[in-house]
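Text of the file data20.cif, holding mmCIF, N, CA and C atoms:
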```cif
data_upload
#
loop_
_atom_site.label_atom_id
_atom_site.label_comp_id
_atom_site.auth_asym_id
_atom_site.auth_seq_id
_atom_site.Cartn_x
_atom_site.Cartn_y
_atom_site.Cartn_z
N MET A 1 103.85 41.23 84.06
CA MET A 1 102.52 41.02 84.59
C MET A 1 101.80 42.36 84.82
N GLU A 2 102.57 43.37 85.15
CA GLU A 2 101.93 44.67 85.35
C GLU A 2 101.28 45.15 84.05
N GLN A 3 101.96 44.95 82.92
CA GLN A 3 101.40 45.35 81.63
C GLN A 3 100.16 44.52 81.30
N ILE A 4 100.19 43.24 81.61
CA ILE A 4 99.02 42.38 81.37
C ILE A 4 97.84 42.87 82.20
N ARG A 5 98.10 43.20 83.46
CA ARG A 5 97.02 43.71 84.33
C ARG A 5 96.46 45.01 83.76
N GLN A 6 97.33 45.93 83.37
CA GLN A 6 96.88 47.21 82.83
C GLN A 6 96.07 47.02 81.54
N ASP A 7 96.55 46.13 80.66
CA ASP A 7 95.84 45.87 79.41
C ASP A 7 94.48 45.23 79.67
N ALA A 8 94.43 44.28 80.61
CA ALA A 8 93.16 43.62 80.95
C ALA A 8 92.17 44.64 81.49
N GLU A 9 92.63 45.50 82.37
CA GLU A 9 91.74 46.50 82.96
C GLU A 9 91.24 47.47 81.89
N ALA A 10 92.11 47.92 81.00
CA ALA A 10 91.70 48.86 79.94
C ALA A 10 90.66 48.22 79.02
N LYS A 11 90.87 46.96 78.69
CA LYS A 11 89.98 46.25 77.76
C LYS A 11 88.64 45.90 78.42
N LEU A 12 88.68 45.48 79.68
CA LEU A 12 87.48 44.96 80.33
C LEU A 12 86.65 46.00 81.09
N ALA A 13 87.25 47.14 81.40
CA ALA A 13 86.57 48.14 82.23
C ALA A 13 85.16 48.50 81.74
N PRO A 14 84.96 48.79 80.45
CA PRO A 14 83.61 49.14 80.01
C PRO A 14 82.59 48.01 80.19
N PHE A 15 83.02 46.77 79.95
CA PHE A 15 82.13 45.61 80.10
C PHE A 15 81.78 45.38 81.56
N LEU A 16 82.79 45.53 82.42
CA LEU A 16 82.56 45.35 83.85
C LEU A 16 81.61 46.42 84.37
N LYS A 17 81.83 47.66 83.94
CA LYS A 17 80.99 48.77 84.39
C LYS A 17 79.53 48.52 84.00
N ALA A 18 79.32 48.01 82.80
CA ALA A 18 77.96 47.73 82.32
C ALA A 18 77.28 46.67 83.18
N GLU A 19 78.07 45.83 83.85
CA GLU A 19 77.53 44.77 84.72
C GLU A 19 77.55 45.18 86.19
N GLY A 20 77.88 46.45 86.47
CA GLY A 20 77.93 46.92 87.85
C GLY A 20 79.16 46.44 88.60
N MET A 21 80.20 46.13 87.87
CA MET A 21 81.44 45.64 88.48
C MET A 21 82.56 46.61 88.16
N ASP A 22 83.74 46.35 88.73
CA ASP A 22 84.91 47.16 88.38
C ASP A 22 86.13 46.26 88.20
N CYS A 23 87.25 46.86 87.91
CA CYS A 23 88.47 46.09 87.60
C CYS A 23 88.96 45.26 88.77
N GLY A 24 88.54 45.59 89.97
CA GLY A 24 88.89 44.79 91.13
C GLY A 24 88.23 43.42 91.12
N ASP A 25 87.26 43.23 90.22
CA ASP A 25 86.57 41.94 90.10
C ASP A 25 87.27 40.98 89.14
N ILE A 26 88.32 41.44 88.46
CA ILE A 26 89.04 40.58 87.53
C ILE A 26 89.88 39.57 88.31
N LEU A 27 89.81 38.31 87.90
CA LEU A 27 90.64 37.27 88.49
C LEU A 27 91.68 36.83 87.46
N TYR A 28 92.89 36.58 87.92
CA TYR A 28 93.99 36.16 87.05
C TYR A 28 94.34 34.71 87.37
N SER A 29 94.84 34.03 86.38
CA SER A 29 95.15 32.62 86.56
C SER A 29 96.46 32.28 85.88
N TRP A 30 97.28 31.50 86.55
CA TRP A 30 98.49 30.96 85.95
C TRP A 30 98.68 29.57 86.53
N ASP A 31 99.39 28.74 85.77
CA ASP A 31 99.51 27.34 86.20
C ASP A 31 100.44 27.22 87.40
N ASN A 32 100.60 26.00 87.85
CA ASN A 32 101.35 25.74 89.09
C ASN A 32 102.81 25.42 88.85
N ASP A 33 103.35 25.85 87.73
CA ASP A 33 104.75 25.59 87.42
C ASP A 33 105.66 26.18 88.51
N ARG A 34 106.76 25.48 88.78
CA ARG A 34 107.70 25.92 89.83
C ARG A 34 108.19 27.35 89.61
N ILE A 35 108.29 27.77 88.36
CA ILE A 35 108.84 29.10 88.08
C ILE A 35 107.97 30.21 88.68
N HIS A 36 106.70 29.93 88.92
CA HIS A 36 105.79 30.94 89.46
C HIS A 36 105.80 31.02 90.98
N VAL A 37 106.35 30.01 91.62
CA VAL A 37 106.35 29.96 93.08
C VAL A 37 107.22 31.10 93.62
N GLY A 38 106.66 31.82 94.54
CA GLY A 38 107.42 32.90 95.18
C GLY A 38 107.33 34.23 94.47
N ALA A 39 106.66 34.29 93.32
CA ALA A 39 106.52 35.57 92.62
C ALA A 39 105.64 36.49 93.46
N ASP A 40 106.11 37.70 93.68
CA ASP A 40 105.35 38.67 94.47
C ASP A 40 104.61 39.59 93.52
N LEU A 41 103.45 39.16 93.07
CA LEU A 41 102.71 39.93 92.08
C LEU A 41 101.99 41.13 92.69
N ALA A 42 101.97 41.21 94.01
CA ALA A 42 101.40 42.40 94.65
C ALA A 42 102.18 43.65 94.23
N THR A 43 103.45 43.47 93.89
CA THR A 43 104.27 44.61 93.48
C THR A 43 103.82 45.19 92.14
N VAL A 44 103.02 44.42 91.38
CA VAL A 44 102.51 44.92 90.10
C VAL A 44 100.98 45.04 90.13
N GLY A 45 100.42 45.04 91.33
CA GLY A 45 99.00 45.29 91.48
C GLY A 45 98.10 44.07 91.43
N ILE A 46 98.68 42.87 91.52
CA ILE A 46 97.86 41.65 91.53
C ILE A 46 98.01 41.00 92.91
N ALA A 47 97.00 41.20 93.74
CA ALA A 47 97.02 40.66 95.09
C ALA A 47 96.64 39.17 95.07
N ASP A 48 96.97 38.47 96.15
CA ASP A 48 96.69 37.03 96.24
C ASP A 48 95.20 36.71 96.00
N ASP A 49 94.31 37.58 96.50
CA ASP A 49 92.88 37.29 96.33
C ASP A 49 92.37 37.57 94.92
N MET A 50 93.26 38.02 94.04
CA MET A 50 92.91 38.24 92.64
C MET A 50 93.32 37.05 91.77
N ARG A 51 93.87 36.01 92.40
CA ARG A 51 94.31 34.83 91.66
C ARG A 51 93.27 33.72 91.76
N LEU A 52 92.95 33.17 90.62
CA LEU A 52 92.07 32.01 90.55
C LEU A 52 92.97 30.78 90.58
N GLU A 53 92.95 30.07 91.70
CA GLU A 53 93.82 28.91 91.86
C GLU A 53 93.42 27.78 90.92
N LEU A 54 94.40 27.08 90.42
CA LEU A 54 94.16 25.90 89.59
C LEU A 54 94.37 24.65 90.42
N PRO A 55 93.64 23.58 90.08
CA PRO A 55 93.97 22.30 90.72
C PRO A 55 95.41 21.94 90.41
N GLU A 56 96.05 21.22 91.27
CA GLU A 56 97.48 20.90 91.18
C GLU A 56 97.90 20.34 89.82
N CYS A 57 97.12 19.45 89.24
CA CYS A 57 97.53 18.76 88.01
C CYS A 57 96.77 19.22 86.78
N SER A 58 96.22 20.41 86.79
CA SER A 58 95.32 20.80 85.71
C SER A 58 95.77 22.03 84.94
N SER A 59 96.99 22.03 84.47
CA SER A 59 97.42 23.14 83.62
C SER A 59 96.65 23.12 82.31
N ASP A 60 95.93 22.01 82.04
CA ASP A 60 95.08 21.91 80.85
C ASP A 60 94.07 23.05 80.79
N MET A 61 93.77 23.64 81.93
CA MET A 61 92.81 24.74 81.95
C MET A 61 93.32 25.92 81.15
N HIS A 62 94.60 25.96 80.91
CA HIS A 62 95.21 27.01 80.10
C HIS A 62 95.64 26.49 78.73
N LYS A 63 94.92 25.52 78.22
CA LYS A 63 95.36 24.87 77.00
C LYS A 63 95.47 25.83 75.82
N VAL A 64 94.69 26.89 75.80
CA VAL A 64 94.79 27.85 74.70
C VAL A 64 96.21 28.42 74.67
N ILE A 65 96.69 28.84 75.82
CA ILE A 65 98.04 29.41 75.91
C ILE A 65 99.09 28.31 75.75
N GLU A 66 98.88 27.18 76.40
CA GLU A 66 99.86 26.09 76.34
C GLU A 66 100.06 25.59 74.91
N HIS A 67 98.98 25.49 74.14
CA HIS A 67 99.10 25.02 72.76
C HIS A 67 99.84 26.03 71.89
N VAL A 68 99.53 27.32 72.06
CA VAL A 68 100.25 28.35 71.30
C VAL A 68 101.73 28.31 71.67
N HIS A 69 102.03 28.26 72.96
CA HIS A 69 103.42 28.22 73.41
C HIS A 69 104.13 26.98 72.85
N GLY A 70 103.47 25.83 72.91
CA GLY A 70 104.07 24.60 72.40
C GLY A 70 104.37 24.67 70.91
N ASN A 71 103.45 25.24 70.14
CA ASN A 71 103.68 25.38 68.70
C ASN A 71 104.84 26.32 68.41
N ILE A 72 104.88 27.43 69.12
CA ILE A 72 105.99 28.37 68.93
C ILE A 72 107.31 27.71 69.32
N GLN A 73 107.33 27.03 70.46
CA GLN A 73 108.55 26.37 70.93
C GLN A 73 109.05 25.33 69.92
N ARG A 74 108.14 24.50 69.42
CA ARG A 74 108.52 23.46 68.46
C ARG A 74 109.12 24.07 67.18
N GLU A 75 108.45 25.06 66.63
CA GLU A 75 108.93 25.70 65.39
C GLU A 75 110.25 26.44 65.63
N PHE A 76 110.35 27.11 66.77
CA PHE A 76 111.58 27.85 67.08
C PHE A 76 112.75 26.88 67.25
N ASP A 77 112.51 25.77 67.96
CA ASP A 77 113.57 24.77 68.15
C ASP A 77 114.05 24.22 66.81
N GLU A 78 113.11 23.93 65.91
CA GLU A 78 113.49 23.43 64.58
C GLU A 78 114.36 24.46 63.86
N TRP A 79 113.95 25.72 63.92
CA TRP A 79 114.74 26.78 63.28
C TRP A 79 116.11 26.89 63.92
N LEU A 80 116.15 26.89 65.24
CA LEU A 80 117.40 27.07 65.96
C LEU A 80 118.38 25.92 65.68
N TRP A 81 117.88 24.68 65.70
CA TRP A 81 118.76 23.54 65.42
C TRP A 81 119.24 23.52 63.98
N GLY A 82 118.49 24.15 63.10
CA GLY A 82 118.89 24.22 61.70
C GLY A 82 119.72 25.45 61.37
N TYR A 83 119.97 26.27 62.36
CA TYR A 83 120.73 27.51 62.15
C TYR A 83 122.17 27.14 61.86
N THR A 84 122.69 27.54 60.72
CA THR A 84 124.01 27.06 60.29
C THR A 84 125.09 28.13 60.22
N THR A 85 124.75 29.37 60.52
CA THR A 85 125.74 30.44 60.39
C THR A 85 126.12 31.02 61.74
N GLY A 86 126.64 30.18 62.63
CA GLY A 86 127.02 30.65 63.96
C GLY A 86 125.83 30.74 64.87
N LYS A 87 125.85 31.72 65.74
CA LYS A 87 124.75 31.92 66.69
C LYS A 87 123.83 33.03 66.19
N PRO A 88 122.52 32.84 66.33
CA PRO A 88 121.62 33.93 65.94
C PRO A 88 121.71 35.06 66.96
N THR A 89 121.44 36.26 66.51
CA THR A 89 121.41 37.40 67.42
C THR A 89 120.08 37.42 68.17
N VAL A 90 120.01 38.20 69.21
CA VAL A 90 118.77 38.35 69.96
C VAL A 90 117.67 38.88 69.04
N ASP A 91 118.00 39.85 68.20
CA ASP A 91 117.00 40.41 67.30
C ASP A 91 116.52 39.38 66.29
N GLU A 92 117.40 38.53 65.80
CA GLU A 92 116.98 37.46 64.89
C GLU A 92 116.03 36.49 65.60
N CYS A 93 116.32 36.18 66.84
CA CYS A 93 115.45 35.28 67.62
C CYS A 93 114.08 35.92 67.83
N LYS A 94 114.05 37.20 68.22
CA LYS A 94 112.78 37.88 68.42
C LYS A 94 111.98 37.93 67.12
N ASP A 95 112.66 38.24 66.02
CA ASP A 95 111.98 38.28 64.73
C ASP A 95 111.41 36.92 64.36
N LYS A 96 112.15 35.86 64.65
CA LYS A 96 111.68 34.52 64.32
C LYS A 96 110.45 34.15 65.14
N VAL A 97 110.45 34.48 66.42
CA VAL A 97 109.28 34.19 67.26
C VAL A 97 108.05 34.93 66.72
N LEU A 98 108.22 36.19 66.35
CA LEU A 98 107.10 36.95 65.79
C LEU A 98 106.63 36.36 64.47
N GLU A 99 107.56 35.94 63.64
CA GLU A 99 107.21 35.30 62.37
C GLU A 99 106.42 34.01 62.61
N ILE A 100 106.89 33.22 63.55
CA ILE A 100 106.19 31.97 63.87
C ILE A 100 104.79 32.28 64.38
N PHE A 101 104.69 33.24 65.27
CA PHE A 101 103.38 33.60 65.83
C PHE A 101 102.43 34.03 64.72
N ASP A 102 102.94 34.84 63.79
CA ASP A 102 102.09 35.36 62.72
C ASP A 102 101.72 34.31 61.68
N HIS A 103 102.59 33.31 61.46
CA HIS A 103 102.38 32.39 60.35
C HIS A 103 102.05 30.95 60.74
N VAL A 104 102.32 30.57 61.97
CA VAL A 104 102.09 29.19 62.37
C VAL A 104 100.87 29.07 63.28
N VAL A 105 100.73 30.01 64.19
CA VAL A 105 99.60 29.98 65.12
C VAL A 105 98.38 30.54 64.39
N SER A 106 97.36 29.72 64.23
CA SER A 106 96.18 30.17 63.49
C SER A 106 95.05 30.55 64.45
N SER A 107 94.27 31.52 64.03
CA SER A 107 93.12 31.91 64.85
C SER A 107 92.12 30.75 64.93
N ASP A 108 92.07 29.91 63.89
CA ASP A 108 91.15 28.76 63.92
C ASP A 108 91.53 27.78 65.03
N SER A 109 92.84 27.52 65.20
CA SER A 109 93.25 26.57 66.24
C SER A 109 92.99 27.16 67.62
N VAL A 110 93.18 28.46 67.77
CA VAL A 110 92.90 29.11 69.05
C VAL A 110 91.39 29.05 69.34
N LYS A 111 90.57 29.33 68.33
CA LYS A 111 89.12 29.25 68.51
C LYS A 111 88.69 27.84 68.90
N ARG A 112 89.25 26.83 68.25
CA ARG A 112 88.89 25.45 68.60
C ARG A 112 89.19 25.18 70.07
N ASP A 113 90.35 25.64 70.53
CA ASP A 113 90.70 25.45 71.94
C ASP A 113 89.71 26.18 72.85
N VAL A 114 89.41 27.42 72.52
CA VAL A 114 88.49 28.21 73.34
C VAL A 114 87.14 27.52 73.41
N TYR A 115 86.62 27.10 72.27
CA TYR A 115 85.29 26.48 72.23
C TYR A 115 85.26 25.11 72.91
N SER A 116 86.41 24.49 73.11
CA SER A 116 86.44 23.18 73.76
C SER A 116 86.72 23.26 75.26
N LEU A 117 86.94 24.46 75.77
CA LEU A 117 87.29 24.60 77.19
C LEU A 117 86.21 24.03 78.12
N HIS A 118 84.95 24.17 77.77
CA HIS A 118 83.90 23.67 78.66
C HIS A 118 84.02 22.15 78.85
N ARG A 119 84.40 21.42 77.80
CA ARG A 119 84.60 19.97 77.94
C ARG A 119 85.82 19.68 78.81
N THR A 120 86.87 20.46 78.62
CA THR A 120 88.08 20.28 79.43
C THR A 120 87.78 20.54 80.91
N TYR A 121 87.08 21.62 81.19
CA TYR A 121 86.77 21.96 82.58
C TYR A 121 85.87 20.89 83.21
N ARG A 122 84.91 20.40 82.46
CA ARG A 122 84.03 19.35 82.98
C ARG A 122 84.86 18.10 83.32
N ALA A 123 85.79 17.74 82.42
CA ALA A 123 86.63 16.56 82.67
C ALA A 123 87.50 16.77 83.90
N ILE A 124 88.02 17.97 84.10
CA ILE A 124 88.85 18.27 85.27
C ILE A 124 88.01 18.16 86.55
N ILE A 125 86.79 18.66 86.49
CA ILE A 125 85.90 18.55 87.65
C ILE A 125 85.63 17.08 87.95
N ASN A 126 85.34 16.31 86.90
CA ASN A 126 85.05 14.88 87.08
C ASN A 126 86.26 14.11 87.60
N ALA A 127 87.48 14.60 87.29
CA ALA A 127 88.71 13.96 87.77
C ALA A 127 89.16 14.54 89.11
N ASN A 128 88.32 15.34 89.74
CA ASN A 128 88.66 15.98 91.02
C ASN A 128 89.96 16.76 90.95
N GLY A 129 90.17 17.44 89.84
CA GLY A 129 91.37 18.28 89.69
C GLY A 129 92.58 17.53 89.20
N GLY A 130 92.43 16.28 88.86
CA GLY A 130 93.57 15.48 88.40
C GLY A 130 93.74 15.58 86.89
N TYR A 131 94.66 14.76 86.40
CA TYR A 131 94.92 14.71 84.97
C TYR A 131 93.71 14.22 84.22
N VAL A 132 93.53 14.71 83.00
CA VAL A 132 92.38 14.31 82.19
C VAL A 132 92.88 13.64 80.89
N ALA A 133 91.97 12.98 80.22
CA ALA A 133 92.31 12.27 78.98
C ALA A 133 92.85 13.23 77.93
N LYS A 134 93.73 12.72 77.10
CA LYS A 134 94.40 13.54 76.09
C LYS A 134 93.40 14.23 75.15
N ASN A 135 92.28 13.57 74.84
CA ASN A 135 91.34 14.16 73.88
C ASN A 135 90.61 15.39 74.41
N VAL A 136 90.73 15.71 75.69
CA VAL A 136 90.13 16.94 76.22
C VAL A 136 91.19 17.93 76.71
N ARG A 137 92.45 17.59 76.53
CA ARG A 137 93.53 18.51 76.92
C ARG A 137 93.79 19.51 75.84
#
```
Rewrite the coordinates I just gave you, this time as structure tokens.
Amino acid sequence: MEQIRQDAEAKLAPFLKAEGMDCGDILYSWDNDRIHVGADLATVGIADDMRLELPECSSDMHKVIEHVHGNIQREFDEWLWGYTTGKPTVDECKDKVLEIFDHVVSSDSVKRDVYSLHRTYRAIINANGGYVAKNVR
């Protein structure tokens, strides 16, 4: 997370400055998965007031990331279950994930998700933070 914060600040600093803002105005968001509970992100420079809270049931707000992760997971699982020569090495696994990312995840699918976020957010607002219909997830 520290690297993500540093990269976000480096990338956004000029745009923020042009708007009279600074890197302290950046808000970070992550879903409500149990794995995130108890993480002390202050140790990497992300204070509690820098987090944009999500409604309890609305991880759909991160559908761009969730869809990429799901596609990578599905393809990796297929490769792993079809692995026939013992166990893959860590380097083979890392190489496979990079290969999947480069060849399976398309910029068009990511763009479609990004451009549809406004409909997803509207549906989440209309559902008072609850689950939304599959066609807007």
**OP:** Excluding A:Cys93 and any residue of its chain fewer than 6 positions from it, enumerate the residues within 12 Å of it, using only C-alpha atoms, and give them as an NGL selection string.
**Re:** :A and (72-73 or 75-77 or 79-80 or 83 or 87 or 99-100)
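The residue that comes closest to A:Val64, out of A:Arg34, A:Lys111, A:Lys94, A:Lys134 and on the basis of all atoms listed in the file, is A:Lys111.
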Original post:
Which residues match the PyMOL selection byres ((chain A and resi 49) around 8) in the file above, as a ChimeraX atom specification?
Top reply: /A:26-28,46-48,50-52
**OP:** State, in Å with one decimal place, the distance from atom N of A:Asn71 to atom N of A:Gly38.
**Re:**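 That distance, rounded to one decimal, is 25.5 Å.
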Subject >> Matched chain/residue IDs from the PyMOL selection byres (((chain A and resi 31 and name CA) around 12) and name CA), as a ChimeraX atom specification >> reply: /A:28-30,32-37,51-63,65-66
**OP:** Just list the residues in chain A DSSP gives helix (DSSP H, G or I) on the backbone, as a ChimeraX atom specification.
**Re:** /A:2-18,23-25,34-36,41-44,48-50,59-81,90-103,107-126,134-136
**OP:** Calculate how many Å separate atom C of A:Met1 from atom N of A:Asp40, rounding to one decimal.
**Re:**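 Here the two named atoms are 10.9 Å from each other.
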**OP:** Run through the PyMOL selection byres ((chain A and resi 22-24) around 8) on the given coordinates and return the selected residues as a list in words.
**Re:**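 Here the PyMOL selection byres ((chain A and resi 22-24) around 8) matches Ala8, Glu9, Ala10, Leu12, Ala13, Phe15, Leu16, Lys17, Ala18, Glu19, Gly20, Met21, Asp25, Ile26, Leu27 and Met50 of chain A.
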Subject >> atom CA of A:His118 to atom CA of A:Gly130, distance in Å rounded to a single decimal >> reply: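 One can read the atom CA of A:His118 to atom CA of A:Gly130 distance as 16.0 Å.
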